[in-house]
>>> print(open('protein-v1.cif').read())   # mmCIF, C-alpha atoms and all ligand atoms
data_start
#
loop_
_atom_site.label_atom_id
_atom_site.label_comp_id
_atom_site.auth_asym_id
_atom_site.auth_seq_id
_atom_site.Cartn_x
_atom_site.Cartn_y
_atom_site.Cartn_z
CA MET A 242 -18.77 13.02 35.78
CA GLU A 243 -18.60 14.50 32.34
CA THR A 244 -16.22 11.93 31.02
CA GLU A 245 -18.62 9.13 31.76
CA GLU A 246 -21.43 10.86 29.97
CA MET A 247 -19.45 11.25 26.82
CA ALA A 248 -18.35 7.69 26.96
CA GLY A 249 -21.98 6.72 27.47
CA ASP A 250 -22.96 8.46 24.26
CA VAL A 251 -20.34 6.60 22.38
CA ASP A 252 -21.46 3.27 23.76
CA HIS A 253 -24.97 4.08 22.65
CA THR A 254 -23.79 4.86 19.14
CA PHE A 255 -21.87 1.66 19.06
CA ASP A 256 -24.82 -0.39 20.31
CA LEU A 257 -26.82 0.86 17.36
CA GLU A 258 -23.91 0.07 15.10
CA LYS A 259 -23.77 -3.43 16.48
CA LYS A 260 -27.42 -4.04 15.68
CA LYS A 261 -26.80 -2.94 12.14
CA TYR A 262 -23.87 -5.29 11.82
CA ASP A 263 -25.92 -8.18 13.08
CA ALA A 264 -28.93 -7.50 10.87
CA GLU A 265 -27.20 -7.48 7.49
CA GLU A 266 -24.09 -8.75 5.87
CA ASN A 267 -22.15 -5.89 7.22
CA VAL A 268 -18.61 -6.08 8.46
CA LYS A 269 -16.16 -3.72 10.06
CA ILE A 270 -12.52 -3.88 9.08
CA ILE A 271 -9.90 -1.79 10.84
CA CYS A 272 -6.48 -0.68 9.71
CA LEU A 273 -3.42 -0.41 11.93
CA GLY A 274 0.15 0.76 11.42
CA ASP A 275 2.61 3.58 11.92
CA SER A 276 2.32 7.06 10.48
CA ALA A 277 2.84 7.33 6.75
CA VAL A 278 3.06 3.61 5.98
CA GLY A 279 0.30 4.13 3.40
CA LYS A 280 -2.87 2.97 5.14
CA SER A 281 -4.99 5.70 3.57
CA LYS A 282 -3.40 5.34 0.14
CA LEU A 283 -4.14 1.62 0.16
CA MET A 284 -7.75 2.30 1.02
CA GLU A 285 -8.02 4.87 -1.75
CA ARG A 286 -6.41 2.53 -4.26
CA PHE A 287 -8.87 -0.22 -3.43
CA LEU A 288 -11.93 2.02 -3.49
CA MET A 289 -10.89 4.17 -6.49
CA ASP A 290 -13.92 6.17 -7.58
CA GLU A 291 -16.08 4.78 -4.87
CA TYR A 292 -13.82 6.64 -2.51
CA ARG A 293 -15.94 9.01 -0.47
CA PRO A 294 -14.87 8.82 3.12
CA GLN A 295 -16.87 10.11 5.99
CA GLN A 296 -14.68 12.19 8.24
CA MET A 297 -15.24 11.92 11.93
CA SER A 298 -15.28 15.20 13.81
CA THR A 299 -11.51 15.29 13.96
CA TYR A 300 -9.18 14.12 11.28
CA ALA A 301 -8.10 11.28 13.49
CA LEU A 302 -10.63 8.86 12.12
CA THR A 303 -11.95 8.18 8.65
CA LEU A 304 -14.72 5.80 7.81
CA TYR A 305 -14.90 4.41 4.28
CA LYS A 306 -18.10 2.69 3.28
CA HIS A 307 -17.85 0.03 0.63
CA THR A 308 -20.49 -2.16 -0.96
CA THR A 309 -19.68 -5.39 -2.71
CA THR A 310 -21.37 -8.60 -3.73
CA LEU A 311 -20.10 -12.01 -2.81
CA GLY A 312 -21.85 -14.82 -4.62
CA ASN A 313 -25.25 -13.16 -4.85
CA LYS A 314 -25.12 -11.58 -1.45
CA LYS A 315 -24.71 -7.88 -0.90
CA VAL A 316 -22.07 -7.04 1.65
CA LEU A 317 -21.55 -3.70 3.30
CA VAL A 318 -18.03 -3.10 4.50
CA ASP A 319 -17.02 -0.31 6.86
CA PHE A 320 -13.31 0.36 6.69
CA TRP A 321 -11.95 2.27 9.65
CA ASP A 322 -8.77 4.20 9.08
CA THR A 323 -6.95 6.31 11.59
CA ALA A 324 -3.67 8.16 11.66
CA GLY A 325 -0.73 6.32 13.22
CA GLN A 326 0.24 9.57 14.78
CA GLU A 327 -3.05 9.89 16.65
CA ARG A 328 -3.04 6.36 17.87
CA PHE A 329 0.50 6.58 18.98
CA GLN A 330 -0.67 8.01 22.29
CA SER A 331 -3.36 5.49 23.02
CA MET A 332 -6.15 4.23 20.87
CA HIS A 333 -9.72 4.49 22.04
CA PRO A 334 -11.09 0.96 22.58
CA SER A 335 -14.10 1.83 20.41
CA TYR A 336 -11.87 1.64 17.39
CA TYR A 337 -11.50 -2.09 17.98
CA HIS A 338 -15.04 -2.61 19.16
CA ASN A 339 -16.95 -5.07 16.98
CA ALA A 340 -14.22 -5.20 14.36
CA HIS A 341 -14.35 -8.35 12.24
CA ALA A 342 -10.89 -8.16 10.74
CA CYS A 343 -7.73 -6.10 10.92
CA ILE A 344 -5.19 -5.06 8.30
CA MET A 345 -1.74 -4.26 9.73
CA VAL A 346 0.52 -2.26 7.46
CA PHE A 347 4.24 -1.47 7.45
CA ASP A 348 6.50 0.42 5.04
CA VAL A 349 9.22 -1.72 3.42
CA GLN A 350 11.50 1.30 3.35
CA ARG A 351 11.37 1.88 7.10
CA LYS A 352 12.44 -0.83 9.49
CA ILE A 353 10.94 0.95 12.49
CA THR A 354 7.44 0.52 11.06
CA TYR A 355 8.05 -3.22 10.83
CA LYS A 356 9.38 -3.36 14.37
CA ASN A 357 6.34 -1.48 15.65
CA LEU A 358 4.03 -4.16 14.28
CA SER A 359 4.49 -6.07 17.49
CA ASN A 360 3.03 -3.14 19.45
CA TRP A 361 0.05 -2.79 17.16
CA PHE A 362 -0.54 -6.51 17.27
CA LYS A 363 -0.32 -6.63 21.03
CA GLU A 364 -2.86 -3.86 21.39
CA LEU A 365 -5.15 -5.48 18.83
CA ARG A 366 -5.11 -8.79 20.67
CA GLU A 367 -5.93 -7.13 23.97
CA TYR A 368 -9.22 -6.00 22.51
CA ARG A 369 -9.85 -8.53 19.76
CA PRO A 370 -8.10 -11.77 20.63
CA GLU A 371 -9.74 -13.72 17.82
CA ILE A 372 -10.37 -11.67 14.72
CA PRO A 373 -8.60 -12.44 11.45
CA CYS A 374 -5.60 -10.23 10.86
CA CYS A 375 -2.98 -9.90 8.14
CA VAL A 376 0.39 -8.23 7.64
CA VAL A 377 0.85 -5.96 4.64
CA ALA A 378 4.27 -4.88 3.35
CA ASN A 379 3.53 -1.69 1.41
CA LYS A 380 5.56 0.40 -1.08
CA ILE A 381 7.25 -2.51 -2.84
CA ASP A 382 7.32 -0.36 -5.97
CA ALA A 383 10.10 1.59 -4.27
CA ASP A 384 12.21 -1.50 -3.66
CA LEU A 385 11.22 -4.58 -5.63
CA LYS A 386 14.13 -6.61 -4.30
CA ILE A 387 12.49 -6.64 -0.92
CA THR A 388 9.98 -9.16 -2.25
CA GLN A 389 12.72 -11.79 -2.23
CA ARG A 390 12.91 -11.52 1.53
CA SER A 391 10.78 -13.31 4.01
CA PHE A 392 9.49 -11.43 7.00
CA ASN A 393 9.24 -13.52 10.08
CA PHE A 394 6.64 -11.60 12.06
CA ALA A 395 3.67 -12.82 10.04
CA LYS A 396 4.88 -16.42 10.03
CA LYS A 397 5.54 -16.36 13.72
CA HIS A 398 1.98 -15.29 14.48
CA GLY A 399 0.40 -17.38 11.75
CA LEU A 400 -0.84 -14.37 9.82
CA PRO A 401 -1.26 -14.10 6.05
CA PHE A 402 1.32 -11.82 4.48
CA TYR A 403 1.04 -9.61 1.39
CA PHE A 404 3.57 -7.65 -0.62
CA VAL A 405 1.65 -4.68 -1.99
CA SER A 406 1.99 -1.25 -3.54
CA ALA A 407 -0.65 1.43 -3.21
CA ALA A 408 1.19 3.31 -5.97
CA ASP A 409 1.14 0.71 -8.74
CA GLY A 410 -1.68 -1.38 -7.28
CA THR A 411 0.15 -4.68 -6.87
CA ASN A 412 -1.94 -7.12 -4.79
CA VAL A 413 -4.02 -4.35 -3.18
CA VAL A 414 -7.39 -5.60 -4.40
CA LYS A 415 -6.48 -9.23 -3.75
CA MET A 416 -5.57 -8.40 -0.16
CA PHE A 417 -8.74 -6.40 0.51
CA ARG A 418 -11.00 -9.03 -1.06
CA GLU A 419 -9.45 -11.81 0.96
CA MET A 420 -9.78 -9.80 4.14
CA ILE A 421 -13.44 -9.03 3.43
CA ASN A 422 -14.02 -12.76 2.99
CA ARG A 423 -12.26 -13.56 6.19
CA ALA A 424 -14.18 -10.88 8.07
CA LEU A 425 -17.44 -12.42 6.84
CA GLU A 426 -16.32 -15.90 7.71
CA TYR A 427 -15.40 -14.75 11.16
CA LYS A 428 -18.74 -13.08 11.61
CA GLN A 429 -20.68 -16.13 10.46
CA ASN A 430 -18.57 -18.55 12.39
CA PRO A 431 -20.55 -20.18 15.18
CA SER A 432 -17.46 -20.32 17.35
CA ASP A 433 -18.70 -16.85 18.13
CA PHE A 434 -19.70 -18.04 21.58
CA MET A 435 -16.13 -17.61 22.59
CA ASP A 436 -16.17 -14.16 21.11
CA GLU A 437 -19.27 -13.10 23.02
CA VAL A 438 -17.59 -14.02 26.26
CA MET A 439 -14.52 -12.12 25.21
CA GLN A 440 -16.67 -9.19 24.27
CA GLU A 441 -18.17 -9.03 27.70
CA LEU A 442 -14.74 -8.99 29.16
CA GLU A 443 -13.73 -6.31 26.74
CA ASN A 444 -16.65 -4.10 27.62
CA PHE A 445 -15.84 -4.50 31.23
CA ASP A 446 -12.33 -3.36 30.58
CA LEU A 447 -13.57 -0.54 28.45
CA GLU A 448 -15.74 0.95 31.19
CA LYS A 449 -13.04 0.68 33.73
CA LYS A 450 -10.67 2.56 31.50
CA GLU A 451 -13.10 5.34 30.77
CA GLU A 452 -13.81 5.93 34.40
CA ASN A 453 -10.22 6.27 35.23
CA SER A 454 -8.91 8.42 32.51
CA ASP A 455 -9.90 11.84 31.28
CA GLU A 456 -8.01 11.39 28.11
CA ASP A 457 -10.19 8.55 27.02
CA GLY A 458 -13.17 10.82 27.48
CA LEU A 459 -11.66 13.30 25.08
CA LYS A 460 -10.98 10.61 22.56
CA ALA A 461 -14.53 9.39 22.93
CA GLU A 462 -15.78 12.76 21.82
CA ASN A 463 -13.71 12.48 18.70
CA LEU A 464 -15.44 9.33 17.71
CA GLU A 465 -18.84 10.84 17.18
CA LEU A 466 -20.03 10.97 13.62
CA VAL A 467 -20.45 14.38 12.05
CA MET B 31 14.15 34.62 -19.92
CA ARG B 32 15.71 37.89 -18.86
CA PHE B 33 16.81 36.72 -15.44
CA GLU B 34 18.33 33.36 -14.83
CA ALA B 35 18.02 32.31 -11.19
CA LYS B 36 21.19 30.69 -9.83
CA ARG B 37 20.57 30.22 -6.15
CA CYS B 38 18.06 31.23 -3.57
CA GLY B 39 17.93 31.32 0.19
CA VAL B 40 16.49 33.11 3.17
CA ARG B 41 17.50 35.90 5.49
CA PHE B 42 15.80 35.87 8.87
CA ASN B 43 16.20 39.50 9.85
CA PRO B 44 14.12 41.04 8.47
CA PRO B 45 12.41 38.02 6.92
CA SER B 46 13.47 37.98 3.29
CA ILE B 47 14.06 35.69 0.37
CA VAL B 48 17.40 36.18 -1.32
CA LEU B 49 17.87 35.42 -4.98
CA VAL B 50 21.15 35.24 -6.86
CA TYR B 51 20.62 35.52 -10.60
CA VAL B 52 22.28 36.36 -13.89
CA ASN B 53 20.92 39.13 -16.00
CA THR B 54 21.05 37.40 -19.38
CA GLU B 55 21.36 40.70 -21.25
CA THR B 56 24.24 42.15 -19.31
CA LYS B 57 25.61 38.71 -18.20
CA LYS B 58 26.04 40.19 -14.74
CA LEU B 59 25.60 38.22 -11.54
CA ARG B 60 23.21 40.02 -9.21
CA LYS B 61 21.60 39.57 -5.84
CA ARG B 62 18.02 40.49 -5.10
CA VAL B 63 16.61 40.64 -1.60
CA ILE B 64 12.85 40.29 -1.42
CA PRO B 65 11.41 41.29 1.95
CA ILE B 66 8.55 39.06 3.06
CA ARG B 67 6.01 41.28 4.77
CA ASN B 68 2.90 40.53 6.80
CA PHE B 69 4.08 37.02 7.27
CA THR B 70 3.42 35.33 10.62
CA LYS B 71 3.68 32.01 12.41
CA LEU B 72 0.22 31.22 11.17
CA SER B 73 0.45 32.31 7.54
CA ASP B 74 -0.26 29.82 4.80
CA CYS B 75 3.12 29.15 3.19
CA CYS B 76 1.65 27.67 0.05
CA MET B 77 -0.47 30.74 -0.57
CA ALA B 78 2.34 33.11 0.29
CA ALA B 79 4.56 31.33 -2.23
CA GLU B 80 1.91 31.56 -4.90
CA GLN B 81 1.43 35.28 -4.29
CA LEU B 82 5.15 35.91 -4.45
CA LYS B 83 5.46 33.95 -7.68
CA GLU B 84 2.76 36.17 -9.21
CA HIS B 85 4.01 39.40 -7.69
CA PRO B 86 4.33 42.01 -10.45
CA ARG B 87 7.62 43.35 -9.14
CA HIS B 88 9.28 40.01 -8.58
CA ARG B 89 7.76 37.50 -10.95
CA ASP B 90 10.23 38.03 -13.79
CA TYR B 91 13.10 37.30 -11.44
CA LEU B 92 11.38 34.25 -10.01
CA GLU B 93 10.39 32.69 -13.28
CA ALA B 94 12.95 29.88 -12.94
CA VAL B 95 12.23 29.27 -9.26
CA SER B 96 9.50 26.70 -8.70
CA GLN B 97 6.59 27.43 -6.45
CA GLY B 98 7.55 24.42 -4.38
CA GLN B 99 10.95 25.93 -3.74
CA LEU B 100 9.39 29.27 -2.78
CA GLU B 101 7.08 27.44 -0.41
CA LYS B 102 10.02 25.71 1.20
CA LEU B 103 11.76 29.05 1.72
CA HIS B 104 8.63 30.42 3.35
CA ILE B 105 8.50 27.37 5.60
CA LEU B 106 12.07 28.01 6.71
CA LEU B 107 11.16 31.60 7.56
CA GLN B 108 8.08 30.47 9.42
CA ASP B 109 9.91 27.79 11.36
CA HIS B 110 12.29 30.51 12.50
CA LEU B 111 9.33 32.57 13.71
CA ARG B 112 8.12 29.45 15.54
CA GLY B 113 11.45 29.24 17.31
CA LEU B 114 12.85 26.20 15.52
CA SER B 115 16.53 26.00 14.73
CA LEU B 116 17.55 26.06 11.08
CA LYS B 117 19.11 22.64 11.48
CA HIS B 118 15.92 21.14 12.78
CA SER B 119 13.92 22.94 10.17
CA LEU B 120 16.07 21.60 7.33
CA SER B 121 15.94 18.09 8.73
CA THR B 122 12.18 18.07 8.33
CA PHE B 123 12.71 18.10 4.57
CA HIS B 124 14.76 14.94 4.58
CA LEU B 125 13.61 11.41 4.98
CA ASP B 126 15.50 9.51 7.61
CA PRO B 127 14.44 5.88 7.39
CA ASP B 128 15.10 5.38 11.09
CA GLU B 129 13.02 8.29 12.29
CA ASP B 130 9.83 7.51 14.19
CA LEU B 131 7.23 9.53 12.32
CA ASN B 132 4.51 8.73 14.87
CA LYS B 133 5.89 11.44 17.07
CA LEU B 134 5.83 14.33 14.61
CA ASP B 135 3.30 17.13 14.65
CA ASP B 136 0.92 17.54 11.72
CA LYS B 137 3.04 20.04 9.86
CA GLU B 138 6.22 18.05 10.06
CA LEU B 139 4.48 14.83 9.11
CA ALA B 140 2.98 16.58 6.10
CA ARG B 141 6.48 17.54 4.97
CA LYS B 142 7.70 13.97 5.23
CA LYS B 143 4.72 12.81 3.26
CA ALA B 144 5.42 15.45 0.62
CA GLN B 145 8.89 13.93 0.24
CA MET B 146 7.41 10.46 -0.05
CA ASP B 147 4.91 11.71 -2.60
CA ARG B 148 7.64 12.19 -5.19
CA GLU B 149 8.36 8.50 -5.44
CA PHE B 150 4.71 7.65 -5.02
CA GLU B 151 3.74 9.81 -7.98
CA ARG B 152 6.65 8.51 -10.04
CA ASN B 153 5.56 4.92 -9.59
CA ARG B 154 1.87 5.53 -9.60
CA LYS B 155 -0.38 3.81 -12.12
CA HIS B 156 -3.46 5.83 -12.90
CA LYS B 157 -6.85 4.53 -13.89
CA ASP B 158 -6.53 6.14 -17.31
CA ASP B 159 -3.04 4.78 -18.02
CA PRO B 160 -2.93 2.28 -20.83
CA GLY B 161 -2.70 -1.24 -19.44
CA PHE B 162 -4.06 -0.25 -16.06
CA VAL B 163 -5.25 -3.33 -14.16
CA TYR B 164 -7.50 -2.68 -11.19
CA ASP B 165 -6.89 -5.99 -9.46
CA LEU B 166 -3.24 -6.44 -10.40
CA GLU B 167 -1.81 -9.58 -8.79
CA VAL B 168 1.78 -10.69 -8.56
CA ASP B 169 2.78 -13.88 -6.85
CA PHE B 170 6.05 -13.42 -4.98
CA GLU B 171 5.97 -16.78 -3.26
CA LYS B 172 7.96 -18.29 -6.11
CA ALA B 173 10.80 -15.88 -5.72
CA PRO B 174 13.74 -17.31 -3.80
CA GLN B 175 13.34 -16.17 -0.24
CA GLU B 176 16.06 -15.01 2.02
CA ASN B 177 15.47 -14.03 5.61
CA CYS B 178 15.15 -10.33 6.13
CA SER B 179 17.88 -8.80 8.24
CA TRP B 180 15.20 -6.84 10.04
CA ASP B 181 14.35 -10.05 11.86
CA GLU B 182 17.85 -10.49 13.22
CA SER B 183 19.26 -9.66 16.58
CA ASP B 184 16.41 -8.82 18.81
CA ASP B 185 14.31 -8.53 21.65
CA GLY B 186 11.84 -11.35 21.34
CA PHE B 187 10.20 -9.68 18.36
N1 LIG C 1 6.35 4.69 -3.29
C1 LIG C 1 5.22 4.53 -2.60
N2 LIG C 1 4.83 5.49 -1.75
C2 LIG C 1 3.67 5.32 -1.06
C3 LIG C 1 2.87 4.16 -1.22
N3 LIG C 1 1.80 4.28 -0.41
C4 LIG C 1 1.93 5.46 0.23
N4 LIG C 1 3.06 6.09 -0.16
C5 LIG C 1 3.57 7.39 0.31
O1 LIG C 1 3.49 7.42 1.70
C6 LIG C 1 2.84 8.61 2.12
C7 LIG C 1 1.98 8.33 3.32
O2 LIG C 1 0.83 7.57 2.91
P1 LIG C 1 -0.54 7.66 3.73
O3 LIG C 1 -1.53 6.81 3.03
O4 LIG C 1 -0.89 9.06 4.01
O5 LIG C 1 -0.07 6.95 5.08
P2 LIG C 1 -0.97 6.61 6.37
O6 LIG C 1 -0.54 5.28 6.85
O7 LIG C 1 -2.42 6.79 6.07
O8 LIG C 1 -0.44 7.71 7.38
P3 LIG C 1 -1.20 8.32 8.67
O9 LIG C 1 -2.63 8.51 8.31
O10 LIG C 1 -0.50 9.60 8.94
O11 LIG C 1 -0.99 7.34 9.78
C8 LIG C 1 2.03 9.09 0.93
O12 LIG C 1 1.99 10.51 0.92
C9 LIG C 1 2.76 8.55 -0.25
O13 LIG C 1 3.66 9.51 -0.73
C10 LIG C 1 3.31 3.16 -2.16
O14 LIG C 1 2.70 2.12 -2.37
N5 LIG C 1 4.49 3.41 -2.80
MG MG C 2 -3.92 8.03 6.90
#
>>> encode(input="protein-v1.cif", output="structure tokens", more="lines below")
Ligand SMILES: Nc1nc2c(ncn2[C@@H]2O[C@H](COP(=O)(O)OP(=O)(O)OP(=O)(O)O)[C@@H](O)[C@H]2O)c(=O)[nH]1
Ligand SMILES: [Mg+2]
Amino acid sequence: METEEMAGDVDHTFDLEKKKYDAEENVKIICLGDSAVGKSKLMERFLMDEYRPQQMSTYALTLYKHTTTLGNKKVLVDFWDTAGQERFQSMHPSYYHNAHACIMVFDVQRKITYKNLSNWFKELREYRPEIPCCVVANKIDADLKITQRSFNFAKKHGLPFYFVSAADGTNVVKMFREMINRALEYKQNPSDFMDEVMQELENFDLEKKEENSDEDGLKAENLELV
Amino acid sequence: MRFEAKRCGVRFNPPSIVLVYVNTETKKLRKRVIPIRNFTKLSDCCMAAEQLKEHPRHRDYLEAVSQGQLEKLHILLQDHLRGLSLKHSLSTFHLDPDEDLNKLDDKELARKKAQMDREFERNRKHKDDPGFVYDLEVDFEKAPQENCSWDESDDGF
């Protein structure tokens, strides 16, 4: 079946990717949140001039490569960004595959994007039950008073919370740096045994899904690097 | 400026842009109908607006009309060709904080983002601005915290 073949290709790509992640200090951080909450703008603000994303074959997915040093160690960070609109249908599991941390963003001017966090979080935890995650309240420049409010979602799930603005830069770099650290910590954490088991379960799930659904096959095609 | 634009709008049949202006020499209020030709569902509205703005026969009249406005008028005409109602078409230019933007098509989402861009650009700090701080940090923990009403009243969220 054609669908399976495509999915197979993707798995192969991701196996290679996994080796790379294991060999170096290299982490993958994914970004989740509704359309137009500012995921891409945040990424661009953090990366500034370094900003040279690699587009996947559709506009659905953008990969930003970032290099940084922590202590005296060189760390390669792959940021995965995708459009909320695309993912709204159903996100290909490969997006979550081998992610070491997740940044969840909402727009302080739109309640619905805050409410939808629970959907994003639920999906994230289906694939990555363990990885560090944070909640980011973006666009505070548009409504500074909002920073006097507390948002319960993060507290309830024990997630770090940041008030940020991609426009004026408030707390953007702080948030990204802390998430890179947490991604590394997660990766180096020996409690990984648990994660390996989970991963096997995930892969199992992944295959089952791809066999059953043509749409996933289409999405898989989109994930190939240009 | 010889012509002072007062209002502009569209006419769907045939597709035209209508301009009401004052001739500053004669002080007379006039209406000018500019037919939009060779314009289809697939035309690039931004380019069409630019061409119209530069058009030798119309540019003097359109001096006070921004290219953004001309683009918007083209979009209205195009939406009509695409079978959208005027009401729907106009609503795509407004931000409704309760609207679920995940469900929009690319074009409509781009319009919403264009609206958002105004505030974004207004508040934006550029790398070359004096006092720009790359890793700007503000601690909001100290601010008195009140529960957000968005957390009230629901559904096990
Ligand atoms: N005022 C303000 N506006 C912002 C900020 N960040 C983003 N925006 C606006 O929000 C719009 C959407 O931002 P994007 O970065 O494209 O949002 P996204 O989450 O990547 O959206 P999708 O990729 O479609 O899911 C931008 O066009 C900006 O106008 C911010 O910090 N402050
Ligand atoms: Mg984006």
>>> closest_atom_pairs(input="protein-v1.cif", of="chain B", to="ligand MG 2 (chain C)", cutoff="12 Å", atoms="all atoms listed in the file", output="Markdown table")
| residue | atom | partner | partner_atom | distance |
| --- | --- | --- | --- | --- |
| B:Asn132 | CA | C:MG2 | MG | 11.6 |
| B:Asp136 | CA | C:MG2 | MG | 11.7 |
| B:Leu139 | CA | C:MG2 | MG | 11.0 |
| B:Ala140 | CA | C:MG2 | MG | 11.0 |
| B:Lys143 | CA | C:MG2 | MG | 10.5 |
>>> residues_near_ligand(input="protein-v1.cif", ligand="ligand LIG 1 (chain C)", cutoff="7 Å", atoms="all atoms listed in the file", output="count of residues only")
33
>>> residues_around(input="protein-v1.cif", residues="segment 68-72 of chain B", least_positions_apart="2", cutoff="7 Å", atoms="all atoms listed in the file", output="list in words")
Ile66, Asp74, Gln108, Leu111 and Arg112 of chain B
>>> atom_distance(input="protein-v1.cif", atom1="atom CA of His85 of chain B", atom2="atom CA of Ile47 of chain B")
13.4 Å
>>> atom_distance(input="protein-v1.cif", atom1="atom CA of Arg286 of chain A", atom2="atom CA of Phe417 of chain A")
10.4 Å
>>> closest_residue(input="protein-v1.cif", among="A:Ala342, A:Ile421, A:Leu317, A:Met416", to="chain B", atoms="all atoms listed in the file")
A:Met416
>>> interface_residues(input="protein-v1.cif", of="chain B", to="chain A", cutoff="6 Å", atoms="only C-alpha atoms", output="PDB file with C-alpha atoms, in the coordinates of the input")
ATOM      1  CA  PRO B 127      14.440   5.880   7.390  1.00  0.00           C
ATOM      2  CA  LEU B 131       7.230   9.530  12.320  1.00  0.00           C
ATOM      3  CA  ASN B 132       4.510   8.730  14.870  1.00  0.00           C
ATOM      4  CA  PHE B 150       4.710   7.650  -5.020  1.00  0.00           C
ATOM      5  CA  ASN B 153       5.560   4.920  -9.590  1.00  0.00           C
ATOM      6  CA  ARG B 154       1.870   5.530  -9.600  1.00  0.00           C
ATOM      7  CA  LYS B 155      -0.380   3.810 -12.120  1.00  0.00           C
ATOM      8  CA  ASP B 165      -6.890  -5.990  -9.460  1.00  0.00           C
ATOM      9  CA  LEU B 166      -3.240  -6.440 -10.400  1.00  0.00           C
ATOM     10  CA  GLU B 167      -1.810  -9.580  -8.790  1.00  0.00           C
ATOM     11  CA  ALA B 173      10.800 -15.880  -5.720  1.00  0.00           C
ATOM     12  CA  PRO B 174      13.740 -17.310  -3.800  1.00  0.00           C
ATOM     13  CA  GLN B 175      13.340 -16.170  -0.240  1.00  0.00           C
ATOM     14  CA  GLU B 176      16.060 -15.010   2.020  1.00  0.00           C
ATOM     15  CA  ASN B 177      15.470 -14.030   5.610  1.00  0.00           C
ATOM     16  CA  CYS B 178      15.150 -10.330   6.130  1.00  0.00           C
TER      17      CYS B 178
END
>>> closest_residue(input="protein-v1.cif", among="A:Leu425, A:Leu288, A:Met345, A:Ala378", to="His307 of chain A", atoms="only C-alpha atoms")
A:Leu288
>>> atom_distance(input="protein-v1.cif", atom1="atom CA of Leu106 of chain B", atom2="atom CA of Pro44 of chain B")
13.3 Å
>>> closest_residue(input="protein-v1.cif", among="B:Lys157, B:Lys137, B:Lys36, B:Lys172", to="Thr122 of chain B", atoms="all atoms listed in the file")
B:Lys137
>>> residues_near_point(input="protein-v1.cif", point="(7.2, 37.6, -7.4)", cutoff="12 Å", atoms="only C-alpha atoms", output="VMD selection string")
chain B and resid 47 to 49 62 to 66 78 to 97 100
>>> write_last_selection(input="protein-v1.cif", atoms="C-alpha atoms", output="PDB file, in the frame of the given file")
ATOM      1  CA  ILE B  47      14.060  35.690   0.370  1.00  0.00           C
ATOM      2  CA  VAL B  48      17.400  36.180  -1.320  1.00  0.00           C
ATOM      3  CA  LEU B  49      17.870  35.420  -4.980  1.00  0.00           C
ATOM      4  CA  ARG B  62      18.020  40.490  -5.100  1.00  0.00           C
ATOM      5  CA  VAL B  63      16.610  40.640  -1.600  1.00  0.00           C
ATOM      6  CA  ILE B  64      12.850  40.290  -1.420  1.00  0.00           C
ATOM      7  CA  PRO B  65      11.410  41.290   1.950  1.00  0.00           C
ATOM      8  CA  ILE B  66       8.550  39.060   3.060  1.00  0.00           C
ATOM      9  CA  ALA B  78       2.340  33.110   0.290  1.00  0.00           C
ATOM     10  CA  ALA B  79       4.560  31.330  -2.230  1.00  0.00           C
ATOM     11  CA  GLU B  80       1.910  31.560  -4.900  1.00  0.00           C
ATOM     12  CA  GLN B  81       1.430  35.280  -4.290  1.00  0.00           C
ATOM     13  CA  LEU B  82       5.150  35.910  -4.450  1.00  0.00           C
ATOM     14  CA  LYS B  83       5.460  33.950  -7.680  1.00  0.00           C
ATOM     15  CA  GLU B  84       2.760  36.170  -9.210  1.00  0.00           C
ATOM     16  CA  HIS B  85       4.010  39.400  -7.690  1.00  0.00           C
ATOM     17  CA  PRO B  86       4.330  42.010 -10.450  1.00  0.00           C
ATOM     18  CA  ARG B  87       7.620  43.350  -9.140  1.00  0.00           C
ATOM     19  CA  HIS B  88       9.280  40.010  -8.580  1.00  0.00           C
ATOM     20  CA  ARG B  89       7.760  37.500 -10.950  1.00  0.00           C
ATOM     21  CA  ASP B  90      10.230  38.030 -13.790  1.00  0.00           C
ATOM     22  CA  TYR B  91      13.100  37.300 -11.440  1.00  0.00           C
ATOM     23  CA  LEU B  92      11.380  34.250 -10.010  1.00  0.00           C
ATOM     24  CA  GLU B  93      10.390  32.690 -13.280  1.00  0.00           C
ATOM     25  CA  ALA B  94      12.950  29.880 -12.940  1.00  0.00           C
ATOM     26  CA  VAL B  95      12.230  29.270  -9.260  1.00  0.00           C
ATOM     27  CA  SER B  96       9.500  26.700  -8.700  1.00  0.00           C
ATOM     28  CA  GLN B  97       6.590  27.430  -6.450  1.00  0.00           C
ATOM     29  CA  LEU B 100       9.390  29.270  -2.780  1.00  0.00           C
TER      30      LEU B 100
END
>>> residues_near_point(input="protein-v1.cif", point="(16.3, 32.5, -16.9)", cutoff="8 Å", atoms="all atoms listed in the file", output="PyMOL selection string")
chain B and resi 31-35+52+54+91+93-94
